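*Asks:* Okay, handing you the structure first.
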Amino acid sequence: MRIVTVRRISQVFFFLLFIWFCIVTTIGVQWWQLRGWPVNWFLQLDPLVAVASMLSTQSLYRGLLWALVTVALTILLGRFFCSWVCPFGTLHHFVGYLSKRRKRISAKIALNQYHPGQSIKYYLLIFLLTAAASSLLGRLFRIVPNRPKLSMVVAIIILTGLALLSLLKVVPNPKKAMTILFSLIGLWLGLGLILPAENLVAASLQTGLLDPIPLFHRSINLTLLPLAERLSASQRYYQGSLLIGTIFLTAVFLNFKVPRFYCRFICPLGALFGVLGTFSLWRIGKSGDKCSQCQLCDTDCEGACQPTDKIRLSECVLCMNCLESCQDGIVSYRTAPSEAGEITLPDLSRRGFLASFLSGAMAIPVVRLGGLVGPNFPPSVIRPPGALADPDFLARCLKCGQCMRICPTNIIHPAGLESGLEGLWSPILNFRIGTSGCQLNCIACSHICPTAAIRPITLEEKLGRKEYAQAGPIRLGTAFVDRGRCLPWAMDRPCIVCQENCPVSPKAIFTREHFSTIRGGVLTILKAAKQTLEFVESDLQPDQFSTGDYYIKTADRHGKQLFRISANTSDRVTIADNKPLYGEPGSKVEIQVRLQLPHVDLNLCIGCGICEHECPVSGKRAIRVTAENESRNPGRSLLLRSS
């Protein structure tokens with residue numbers, strides 16, 4: 001069997017497996033639902049996920065050890081993942097094939113020539129990894145316990161050595177390298193004298209924005225599958241799907257301009273594999289000098305690695321097309337270097353390297369100047385149960401959309417700019433969309449997260465039972481009644497939907513009874529019978545007061561009394577109470593409504609959002625949950641606690 005045929009079989013298998021894992025990321029016990037399927041396996045195979053999360057958290061989640069297999073095979077075989085396993089790469093490969101299949105050979109060769117812009121993905125990789133690794137600098141500033149100044153000196157020495165080694169690789173002129181280095185050190189020291197050291201560094205995991213595996217997960221979970229579900233009764237909605245879908249389709253259709261555009265120019269995972277691939281034992285190369293320079297090996301080269309000339313190892317994706325195209329039979333897959341020469345390292349300029357490194361180091365501290373992770377936190381951003389506190393959460397979240405896909409009530413959604421640029425597409429709760437709020441007996445999202453940004457929790461911990469009884473249940477936030485929109489508070493309309501649907505016991509929402517005279521409710525008695533009053537006015541709406549919430553208030557020689565109304569016509573009401581009703585013709589009575597005004601007990605509310613979802617006020621709900629009093633950030637407590 002031809003090697004290209006084997007590669008195609010591998011691509012189809014892993015692509016269909018990926019789609020299947022996305023489909024079965026659904027709560028249920030059917031064979032097509034989540035029944036032990038390793039739905040995070042592709043994310044765990046992704047070494048960029050493992051490396052970036054390890055840099056940002058200084059720890060490695062157990063499932064991500066699978067990435068070591070990918071790294072080992074890459075060092076052994078070369079950049080195999082891109083053309084043999086990656087489902088996003090397979091999609092680009094197929095679309096690129098469709099775009100050029102009718103083009104002439106000369107046009108195909110021109111499309112597959114190496115472009116200097118292919119180094120952009122390496123700059124993106126440097127930027128993203130530096131942003132993730134910034135917290136390591138913070139640890140250096142605390143390397144000597146209780147000696148902050150000495151720690152800074154030690155940290156500067158270590159950073160000087162590392163930066164000098166890096167600069168000498170990029171800047172060939174030692175004098176210029178030292179000038180750049182000491183300028184940076186001087187700037188850093190100056191800032192360190194003014195600001196606390198921990199304010200100069202902040203780590204955030206942003207690789208998921210461009211890493212193809214989280215990106216493809218997000219696109220499938222939040223756009224393609226919901227579109228397919230429109231044909232069924234289980235329609236799901238996701239805010240921000242338009243932007244996610246637009247980026248996905250743009251990446252796909254750019255293949256009609258340049259084959260595998262995303263893989264060649266943008267993909268940071270491909271850049272990481274390009275670096276690892278330079279150390280590979282097996283590689284594509286020429287085995288002789290009998291090349292006729294027909295350039296047919298460039299015709300279908302997926303990586304634009306120039307196998308005709310000196311092959312660029314960092315760009316070769318092992319598509320094996322050149323082995324099939326070579327008419328001279330000298331291109332082979334072997335352990336020996338190519339006899340035509342090799343270019344092992346990507347083309348990186350010193351300015352681009354330094355700009356990527358510095359911008360990555362400073363991006364997160366600059367973004368956080370808005371205080372969205374601190375005192376200026378957005379109260380509308382509510383995280384799923386088990387989510388870590390904001391700095392740790394943002395250092396782990398891949399924005400892959402797995403938690404959003406598995407949520408059975410469809411309330412977990414990708415964030416827009418309400419959580420800042422740093423939190424784009426991270427999971428937040430929207431209780432208006434979906435079928436309910438956060439169900440008390442559901443912990444699915446905490447067990448699907450591949451990096452423990454939403455840590456695994458048990459039902460006992462979520463509900464505050466057994467050993468967690470003293471800590472109490474996990475609070476997502478607190479519900480607040482908007483009295484300007486609430487039907488009983490603002491419109492004299494009876495409603496206790498939020499109180500009835502509150503799932504905690506005892507209920508966090510309680511009511512206080514209040515009687516209020518309705519507008520136009522002062523009427524003049526025309527005639528009075530035992531249980532019936534007829535009025536001079538005749539503009540009542542028939543059966544308006546038959547709900548059991550309306551009363552007649554009389555004031556006569558017997559004192560003030562309330563009689564519950566059971567029925568009414570345009571000019572007459574009937575009393576439900578079996579007691580005598582007195583009323584002199586010409587006297588005034590009032591029609592009052594019994595209102596049950598909702599209040600929230602802050603000690604009991606867990607912010608599950610069921611009340612907000614069920615509130616009958618459309619649009620902006622009359623009761624809404626905000627992040628105040630959430631468990632994951634104790635500093636946001638609403639209640640004073642004794643020391």
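Here's how to read the names in the structure tokens: chain A, B, ... by the order shown, residue numbers from 1 in each chain, ligand numbers from 1 in the order shown.
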Quick one: residues within 8 Å of stretch 81-85 of chain A, only C-alpha atoms counted, chain neighbours fewer than 6 positions away excluded, as a PyMOL selection string?

*Replies:* chain A and resi 7-8+10-11+14-15+70+74+270+317-319

*Asks:* Can you check which residues of stretch 241-367 of chain A DSSP gives as alpha helix (DSSP H) on the backbone and send them as a VMD selection string?

*Replies:* chain A and resid 241 to 253 261 to 265 268 to 277 321 to 325 350 to 367

*Asks:* Please produce a file of the residues just selected, as a short mmCIF file (atom, residue, chain, number, x, y, z; two decimals), in the first residue's frame, where the atoms kept are N, CA and C atoms.

*Replies:*
data_model
loop_
_atom_site.label_atom_id
_atom_site.label_comp_id
_atom_site.auth_asym_id
_atom_site.auth_seq_id
_atom_site.Cartn_x
_atom_site.Cartn_y
_atom_site.Cartn_z
N SER A 241 -21.52 32.98 18.95
CA SER A 241 -21.24 31.96 17.94
C SER A 241 -20.90 32.57 16.59
N LEU A 242 -21.44 33.75 16.30
CA LEU A 242 -21.18 34.38 15.01
C LEU A 242 -19.69 34.66 14.83
N LEU A 243 -19.07 35.24 15.85
CA LEU A 243 -17.64 35.54 15.76
C LEU A 243 -16.81 34.27 15.66
N ILE A 244 -17.15 33.28 16.49
CA ILE A 244 -16.41 32.01 16.46
C ILE A 244 -16.55 31.34 15.10
N GLY A 245 -17.77 31.31 14.57
CA GLY A 245 -17.99 30.70 13.27
C GLY A 245 -17.32 31.46 12.15
N THR A 246 -17.31 32.79 12.25
CA THR A 246 -16.66 33.60 11.21
C THR A 246 -15.16 33.34 11.16
N ILE A 247 -14.53 33.27 12.33
CA ILE A 247 -13.09 32.99 12.37
C ILE A 247 -12.81 31.60 11.81
N PHE A 248 -13.63 30.65 12.17
CA PHE A 248 -13.44 29.28 11.68
C PHE A 248 -13.57 29.22 10.15
N LEU A 249 -14.62 29.81 9.62
CA LEU A 249 -14.84 29.76 8.17
C LEU A 249 -13.77 30.56 7.43
N THR A 250 -13.32 31.66 8.01
CA THR A 250 -12.24 32.42 7.38
C THR A 250 -10.97 31.59 7.28
N ALA A 251 -10.63 30.88 8.37
CA ALA A 251 -9.45 30.02 8.35
C ALA A 251 -9.58 28.93 7.31
N VAL A 252 -10.78 28.38 7.15
CA VAL A 252 -10.98 27.30 6.18
C VAL A 252 -10.92 27.82 4.75
N PHE A 253 -11.61 28.93 4.49
CA PHE A 253 -11.70 29.40 3.11
C PHE A 253 -10.43 30.11 2.64
N PHE A 261 -3.26 27.55 4.56
CA PHE A 261 -2.85 28.90 4.99
C PHE A 261 -2.66 28.96 6.50
N TYR A 262 -3.65 28.46 7.24
CA TYR A 262 -3.58 28.53 8.70
C TYR A 262 -2.36 27.75 9.21
N CYS A 263 -2.15 26.57 8.68
CA CYS A 263 -1.03 25.74 9.14
C CYS A 263 0.31 26.39 8.86
N ARG A 264 0.43 27.06 7.73
CA ARG A 264 1.72 27.63 7.33
C ARG A 264 2.02 28.94 8.04
N PHE A 265 1.00 29.77 8.27
CA PHE A 265 1.26 31.13 8.72
C PHE A 265 0.85 31.43 10.16
N PRO A 268 0.20 28.09 16.07
CA PRO A 268 1.30 28.02 17.05
C PRO A 268 1.69 26.59 17.40
N LEU A 269 0.73 25.66 17.30
CA LEU A 269 1.07 24.26 17.53
C LEU A 269 2.00 23.76 16.43
N GLY A 270 1.73 24.16 15.20
CA GLY A 270 2.62 23.81 14.11
C GLY A 270 4.01 24.38 14.31
N ALA A 271 4.09 25.60 14.87
CA ALA A 271 5.39 26.20 15.16
C ALA A 271 6.14 25.37 16.21
N LEU A 272 5.42 24.92 17.25
CA LEU A 272 6.06 24.09 18.26
C LEU A 272 6.56 22.78 17.65
N PHE A 273 5.74 22.17 16.80
CA PHE A 273 6.18 20.95 16.12
C PHE A 273 7.35 21.25 15.18
N GLY A 274 7.37 22.45 14.58
CA GLY A 274 8.48 22.83 13.72
C GLY A 274 9.79 22.88 14.48
N VAL A 275 9.73 23.40 15.72
CA VAL A 275 10.94 23.43 16.55
C VAL A 275 11.34 22.01 16.95
N LEU A 276 10.38 21.21 17.39
CA LEU A 276 10.70 19.84 17.78
C LEU A 276 11.17 19.01 16.59
N GLY A 277 10.60 19.30 15.40
CA GLY A 277 10.95 18.53 14.22
C GLY A 277 12.37 18.69 13.76
N ASN A 321 3.83 13.55 0.04
CA ASN A 321 3.48 13.74 -1.36
C ASN A 321 4.71 13.80 -2.25
N CYS A 322 5.80 14.34 -1.70
CA CYS A 322 7.01 14.46 -2.51
C CYS A 322 7.59 13.08 -2.85
N LEU A 323 7.40 12.09 -1.99
CA LEU A 323 7.87 10.74 -2.30
C LEU A 323 7.13 10.18 -3.50
N GLU A 324 5.83 10.52 -3.60
CA GLU A 324 5.03 10.04 -4.71
C GLU A 324 5.34 10.80 -6.00
N SER A 325 5.67 12.10 -5.87
CA SER A 325 5.83 12.94 -7.06
C SER A 325 7.19 12.81 -7.71
N ARG A 350 15.86 39.29 14.85
CA ARG A 350 16.06 39.65 16.26
C ARG A 350 14.99 40.63 16.74
N ARG A 351 14.57 41.52 15.83
CA ARG A 351 13.52 42.46 16.23
C ARG A 351 12.20 41.74 16.47
N GLY A 352 11.88 40.81 15.58
CA GLY A 352 10.65 40.06 15.76
C GLY A 352 10.68 39.21 17.02
N PHE A 353 11.82 38.60 17.30
CA PHE A 353 11.96 37.78 18.50
C PHE A 353 11.76 38.62 19.75
N LEU A 354 12.47 39.75 19.82
CA LEU A 354 12.37 40.60 21.01
C LEU A 354 10.98 41.21 21.15
N ALA A 355 10.39 41.62 20.02
CA ALA A 355 9.05 42.20 20.09
C ALA A 355 8.05 41.17 20.60
N SER A 356 8.15 39.94 20.13
CA SER A 356 7.22 38.89 20.57
C SER A 356 7.43 38.56 22.04
N PHE A 357 8.70 38.48 22.44
CA PHE A 357 9.01 38.14 23.83
C PHE A 357 8.53 39.22 24.79
N LEU A 358 8.87 40.48 24.48
CA LEU A 358 8.51 41.57 25.38
C LEU A 358 7.00 41.81 25.40
N SER A 359 6.38 41.76 24.24
CA SER A 359 4.93 41.98 24.21
C SER A 359 4.19 40.87 24.95
N GLY A 360 4.70 39.62 24.86
CA GLY A 360 4.09 38.53 25.61
C GLY A 360 4.23 38.71 27.10
N ALA A 361 5.41 39.21 27.53
CA ALA A 361 5.64 39.40 28.96
C ALA A 361 4.81 40.54 29.53
N MET A 362 4.57 41.57 28.71
CA MET A 362 3.88 42.75 29.22
C MET A 362 2.39 42.76 28.91
N ALA A 363 1.94 41.88 28.01
CA ALA A 363 0.55 41.94 27.56
C ALA A 363 -0.43 41.76 28.71
N ILE A 364 -0.24 40.72 29.50
CA ILE A 364 -1.21 40.42 30.56
C ILE A 364 -1.20 41.48 31.65
N PRO A 365 -0.01 41.94 32.15
CA PRO A 365 -0.05 43.04 33.13
C PRO A 365 -0.73 44.29 32.60
N VAL A 366 -0.53 44.59 31.31
CA VAL A 366 -1.18 45.78 30.74
C VAL A 366 -2.70 45.57 30.67
N VAL A 367 -3.11 44.38 30.23
CA VAL A 367 -4.54 44.10 30.14
C VAL A 367 -5.19 44.18 31.52
#

*Asks:* Counting only C-alpha atoms, which residues of stretch 33-99 of chain A fall within 12 Å of stretch 329-349 of chain A, and what is the closest atom pair for each with its distance in Å at one decimal, ordered by chain and rising number, as CSV?

*Replies:*
residue,atom,partner,partner_atom,distance
A:Ile75,CA,A:Thr335,CA,11.8
A:Leu76,CA,A:Thr335,CA,9.6
A:Leu77,CA,A:Thr335,CA,9.3
A:Gly78,CA,A:Tyr333,CA,10.2

*Asks:* Near A:Ser637, counting only C-alpha atoms, which residues have an atom at most 12 Å away, once you skip same-chain residues fewer than 4 positions from it, shown as a PyMOL selection string?

*Replies:* chain A and resi 475-478+602-603+626-633+641

*Asks:* Just to be explicit: take each residue in the selection above, keep N, CA and C atoms, and write the result as an mmCIF file, in the first residue's frame.

*Replies:*
data_model
loop_
_atom_site.group_PDB
_atom_site.id
_atom_site.type_symbol
_atom_site.label_atom_id
_atom_site.label_comp_id
_atom_site.auth_asym_id
_atom_site.auth_seq_id
_atom_site.Cartn_x
_atom_site.Cartn_y
_atom_site.Cartn_z
ATOM 1 N N ARG A 475 -21.257 28.563 46.172
ATOM 2 C CA ARG A 475 -22.074 29.685 45.716
ATOM 3 C C ARG A 475 -21.506 30.231 44.409
ATOM 4 N N LEU A 476 -22.344 30.310 43.404
ATOM 5 C CA LEU A 476 -21.936 30.884 42.123
ATOM 6 C C LEU A 476 -22.081 32.397 42.122
ATOM 7 N N GLY A 477 -22.888 32.914 42.988
ATOM 8 C CA GLY A 477 -23.160 34.345 43.081
ATOM 9 C C GLY A 477 -24.373 34.556 43.959
ATOM 10 N N THR A 478 -25.060 35.636 43.745
ATOM 11 C CA THR A 478 -26.230 35.968 44.559
ATOM 12 C C THR A 478 -27.311 36.569 43.669
ATOM 13 N N LEU A 602 -29.405 36.255 51.772
ATOM 14 C CA LEU A 602 -28.023 36.136 51.293
ATOM 15 C C LEU A 602 -27.308 34.923 51.882
ATOM 16 N N ASN A 603 -27.746 34.476 53.052
ATOM 17 C CA ASN A 603 -27.102 33.324 53.679
ATOM 18 C C ASN A 603 -27.456 32.014 52.990
ATOM 19 N N THR A 626 -25.736 37.871 40.130
ATOM 20 C CA THR A 626 -24.427 38.471 39.860
ATOM 21 C C THR A 626 -23.374 37.728 40.668
ATOM 22 N N ALA A 627 -22.107 38.033 40.400
ATOM 23 C CA ALA A 627 -20.999 37.260 40.973
ATOM 24 C C ALA A 627 -20.713 37.586 42.427
ATOM 25 N N GLU A 628 -21.361 38.600 42.992
ATOM 26 C CA GLU A 628 -21.092 38.919 44.396
ATOM 27 C C GLU A 628 -21.408 37.729 45.296
ATOM 28 N N ASN A 629 -20.569 37.555 46.293
ATOM 29 C CA ASN A 629 -20.741 36.512 47.305
ATOM 30 C C ASN A 629 -20.405 35.116 46.783
ATOM 31 N N GLU A 630 -19.704 35.020 45.648
ATOM 32 C CA GLU A 630 -19.332 33.714 45.119
ATOM 33 C C GLU A 630 -18.258 33.078 45.996
ATOM 34 N N SER A 631 -18.256 31.750 46.024
ATOM 35 C CA SER A 631 -17.332 31.014 46.886
ATOM 36 C C SER A 631 -15.899 31.100 46.406
ATOM 37 N N ARG A 632 -15.684 31.120 45.085
ATOM 38 C CA ARG A 632 -14.323 30.993 44.553
ATOM 39 C C ARG A 632 -13.465 32.220 44.816
ATOM 40 N N ASN A 633 -14.082 33.377 45.089
ATOM 41 C CA ASN A 633 -13.339 34.599 45.412
ATOM 42 C C ASN A 633 -13.858 35.137 46.744
ATOM 43 N N ARG A 641 -17.937 38.878 58.092
ATOM 44 C CA ARG A 641 -17.693 37.605 58.770
ATOM 45 C C ARG A 641 -16.851 37.860 60.015
#

*Asks:* Per DSSP on the backbone, filter stretch 417-594 of chain A down to the residues in strand (DSSP E or B) and report them as an MDAnalysis selection string.

*Replies:* chainID A and resid 427:429 454 478:481 509:528 532:535 550:556 559:568 572:575 588:594

*Asks:* Counting only C-alpha atoms, which residue out of A:Gly420, A:Gly401, A:Pro384, A:Gly464 sits closest to A:Phe216?

*Replies:*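 The shortest atom-to-atom distance to A:Phe216 comes from A:Gly401.
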
*Asks:* Using only C-alpha atoms, can you tell me which of A:Leu540, A:Leu111, A:Leu417, A:Met404 comes closest to A:Leu372?

*Replies:*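 Answer, going by the shortest atom-to-atom distance: A:Leu417.
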
*Asks:* Rank A:Lys560, A:Lys100, A:Arg624, A:Arg312 by their smallest atom-to-atom distance to A:Arg79, using only C-alpha atoms, and report the top residue only.

*Replies:*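 Going through A:Lys560, A:Lys100, A:Arg624, A:Arg312 one by one, the smallest distance to A:Arg79 is for A:Arg312.
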
*Asks:* Go through A:Arg455, A:Arg572, A:Lys527, A:Arg621 and flag the residue nearest A:Ile591, using only C-alpha atoms for the distances.

*Replies:* A:Arg572

*Asks:* Mind checking which residues fall within 12 Å of A:Ala389, counting only C-alpha atoms, ignoring those fewer than 3 positions away in the same chain, and posting them as JSON, numbers by chain?

*Replies:* {"A": [373, 374, 377, 382, 383, 384, 385, 386, 392, 393, 394, 395, 396, 397, 452, 453, 454, 455, 476, 627, 630, 631, 632, 633, 634, 635, 636]}

*Asks:* Would you kindly return, as a list in words, each protein, DNA or RNA residue with an atom no farther than 12 Å from any atom of A:Leu604, considering only C-alpha atoms and excluding same-chain residues fewer than 5 positions away?

*Replies:*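 Selected residues are Leu463, Gly464, Gly472, Pro473, Ile474, Arg475, Leu476, Gly477, Thr478, Ala479, Cys502, Pro503, Val504, Ser505, Pro506, Lys507, Ala508, Ile509, Phe510, His599, Asn629 and Leu639 of chain A.
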
*Asks:* Taking N, CA and C atoms for each residue, export the selection above as a short mmCIF file (atom, residue, chain, number, x, y, z; two decimals), in the first residue's frame.

*Replies:*
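Output file selection_11.cif is given in full below:
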data_model
loop_
_atom_site.label_atom_id
_atom_site.label_comp_id
_atom_site.auth_asym_id
_atom_site.auth_seq_id
_atom_site.Cartn_x
_atom_site.Cartn_y
_atom_site.Cartn_z
N LEU A 463 -23.16 20.74 47.17
CA LEU A 463 -24.34 20.97 47.99
C LEU A 463 -24.01 21.25 49.45
N GLY A 464 -22.73 21.16 49.82
CA GLY A 464 -22.33 21.44 51.20
C GLY A 464 -22.81 20.39 52.18
N GLY A 472 -20.37 24.83 53.71
CA GLY A 472 -21.61 25.17 53.03
C GLY A 472 -21.53 24.89 51.54
N PRO A 473 -22.63 25.06 50.84
CA PRO A 473 -22.66 24.77 49.40
C PRO A 473 -21.82 25.76 48.61
N ILE A 474 -21.43 25.35 47.41
CA ILE A 474 -20.69 26.24 46.51
C ILE A 474 -21.65 27.32 46.00
N ARG A 475 -21.26 28.56 46.17
CA ARG A 475 -22.07 29.68 45.72
C ARG A 475 -21.51 30.23 44.41
N LEU A 476 -22.34 30.31 43.40
CA LEU A 476 -21.94 30.88 42.12
C LEU A 476 -22.08 32.40 42.12
N GLY A 477 -22.89 32.91 42.99
CA GLY A 477 -23.16 34.34 43.08
C GLY A 477 -24.37 34.56 43.96
N THR A 478 -25.06 35.64 43.75
CA THR A 478 -26.23 35.97 44.56
C THR A 478 -27.31 36.57 43.67
N ALA A 479 -28.55 36.20 43.94
CA ALA A 479 -29.69 36.76 43.20
C ALA A 479 -30.14 38.06 43.87
N CYS A 502 -37.32 28.31 43.52
CA CYS A 502 -36.06 28.27 44.26
C CYS A 502 -35.82 26.85 44.75
N PRO A 503 -34.69 26.21 44.37
CA PRO A 503 -34.52 24.78 44.66
C PRO A 503 -33.89 24.46 46.01
N VAL A 504 -33.33 25.46 46.70
CA VAL A 504 -32.64 25.16 47.94
C VAL A 504 -33.65 24.99 49.07
N SER A 505 -33.25 24.32 50.11
CA SER A 505 -34.13 24.09 51.25
C SER A 505 -33.35 24.36 52.54
N PRO A 506 -33.84 25.29 53.35
CA PRO A 506 -35.01 26.16 53.16
C PRO A 506 -34.77 27.15 52.01
N LYS A 507 -35.87 27.63 51.43
CA LYS A 507 -35.77 28.46 50.25
C LYS A 507 -35.02 29.76 50.54
N ALA A 508 -34.16 30.14 49.55
CA ALA A 508 -33.40 31.39 49.69
C ALA A 508 -34.27 32.60 49.37
N ILE A 509 -35.38 32.37 48.66
CA ILE A 509 -36.29 33.46 48.33
C ILE A 509 -37.54 33.32 49.20
N PHE A 510 -37.84 34.34 49.96
CA PHE A 510 -39.04 34.34 50.80
C PHE A 510 -39.87 35.57 50.45
N HIS A 599 -38.07 38.54 48.56
CA HIS A 599 -36.80 38.98 49.15
C HIS A 599 -35.82 37.81 49.07
N ASN A 629 -20.57 37.55 46.29
CA ASN A 629 -20.74 36.51 47.30
C ASN A 629 -20.41 35.12 46.78
N LEU A 639 -21.26 39.69 52.97
CA LEU A 639 -21.58 39.66 54.40
C LEU A 639 -20.32 39.81 55.23
#

*Asks:* For atom CA of A:Gln113 and atom CA of A:Glu302, quote the distance in Å rounded to one decimal.

*Replies:*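 Interatomic distance here is 10.1 Å.
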
*Asks:* Please provide the set of residues having any atom within 12 Å of A:Gly520, restricted to only C-alpha atoms, with same-chain residues fewer than 6 positions apart removed, written as an MDAnalysis selection string.

*Replies:* chainID A and resid 537:541 589:592

*Asks:* Could you save those same residues with C-alpha atoms as a CSV table (one decimal), in the first residue's frame?

*Replies:*
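again-v1.csv, freshly written:
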chain,number,residue,atom,x,y,z
A,537,GLU,CA,-69.1,52.1,38.0
A,538,SER,CA,-69.4,49.5,35.3
A,539,ASP,CA,-65.9,49.5,33.7
A,540,LEU,CA,-64.5,46.4,35.5
A,541,GLN,CA,-63.0,43.7,33.3
A,589,VAL,CA,-65.0,50.4,49.0
A,590,GLU,CA,-61.6,49.5,47.8
A,591,ILE,CA,-60.4,46.6,45.6
A,592,GLN,CA,-57.0,45.5,46.9

*Asks:* From the list A:Asn40, A:Thr547, A:Thr532, A:Ser570, which residue is nearest A:Ile19 when using only C-alpha atoms?

*Replies:* A:Asn40

*Asks:* Just the residues within 6 Å of stretch 127-133 of chain A, please, counting only C-alpha atoms, with nothing from its chain fewer than 2 positions along; format it as a PyMOL selection string.

*Replies:* chain A and resi 52+55-56+124-125+135-136+203-205+207+356-357+360-361

*Asks:* Can you write out the residues you just picked, keeping N, CA and C atoms, as a CSV table (one decimal), in the first residue's frame?

*Replies:*
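Generated output (part23.csv):
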chain,number,residue,atom,x,y,z
A,52,ALA,N,2.1,25.0,27.7
A,52,ALA,CA,1.6,26.3,28.1
A,52,ALA,C,1.0,26.2,29.5
A,55,LEU,N,3.7,26.0,32.1
A,55,LEU,CA,4.3,27.3,32.3
A,55,LEU,C,3.5,28.2,33.1
A,56,SER,N,2.2,28.2,32.9
A,56,SER,CA,1.3,29.2,33.6
A,56,SER,C,1.0,28.7,35.0
A,124,LEU,N,4.1,34.2,17.1
A,124,LEU,CA,2.9,34.0,17.9
A,124,LEU,C,3.1,33.0,19.0
A,125,LEU,N,3.9,31.9,18.7
A,125,LEU,CA,4.2,30.9,19.7
A,125,LEU,C,5.0,31.6,20.8
A,135,SER,N,4.4,34.1,35.2
A,135,SER,CA,4.3,33.9,36.6
A,135,SER,C,5.6,33.2,37.1
A,136,LEU,N,6.4,32.6,36.3
A,136,LEU,CA,7.6,32.0,36.7
A,136,LEU,C,8.6,33.2,37.2
A,203,ALA,N,0.5,35.7,34.7
A,203,ALA,CA,0.4,34.6,33.7
A,203,ALA,C,-1.0,34.4,33.3
A,204,SER,N,-1.2,34.1,32.0
A,204,SER,CA,-2.5,33.8,31.5
A,204,SER,C,-2.4,32.9,30.3
A,205,LEU,N,-3.2,31.9,30.3
A,205,LEU,CA,-3.2,30.9,29.2
A,205,LEU,C,-4.0,31.3,28.1
A,207,THR,N,-3.1,30.3,24.7
A,207,THR,CA,-2.8,29.5,23.6
A,207,THR,C,-4.1,29.0,22.9
A,356,SER,N,8.1,39.9,20.1
A,356,SER,CA,7.2,38.9,20.6
A,356,SER,C,7.4,38.6,22.0
A,357,PHE,N,8.7,38.5,22.4
A,357,PHE,CA,9.0,38.1,23.8
A,357,PHE,C,8.5,39.2,24.8
A,360,GLY,N,4.7,39.6,24.9
A,360,GLY,CA,4.1,38.5,25.6
A,360,GLY,C,4.2,38.7,27.1
A,361,ALA,N,5.4,39.2,27.5
A,361,ALA,CA,5.6,39.4,29.0
A,361,ALA,C,4.8,40.5,29.5
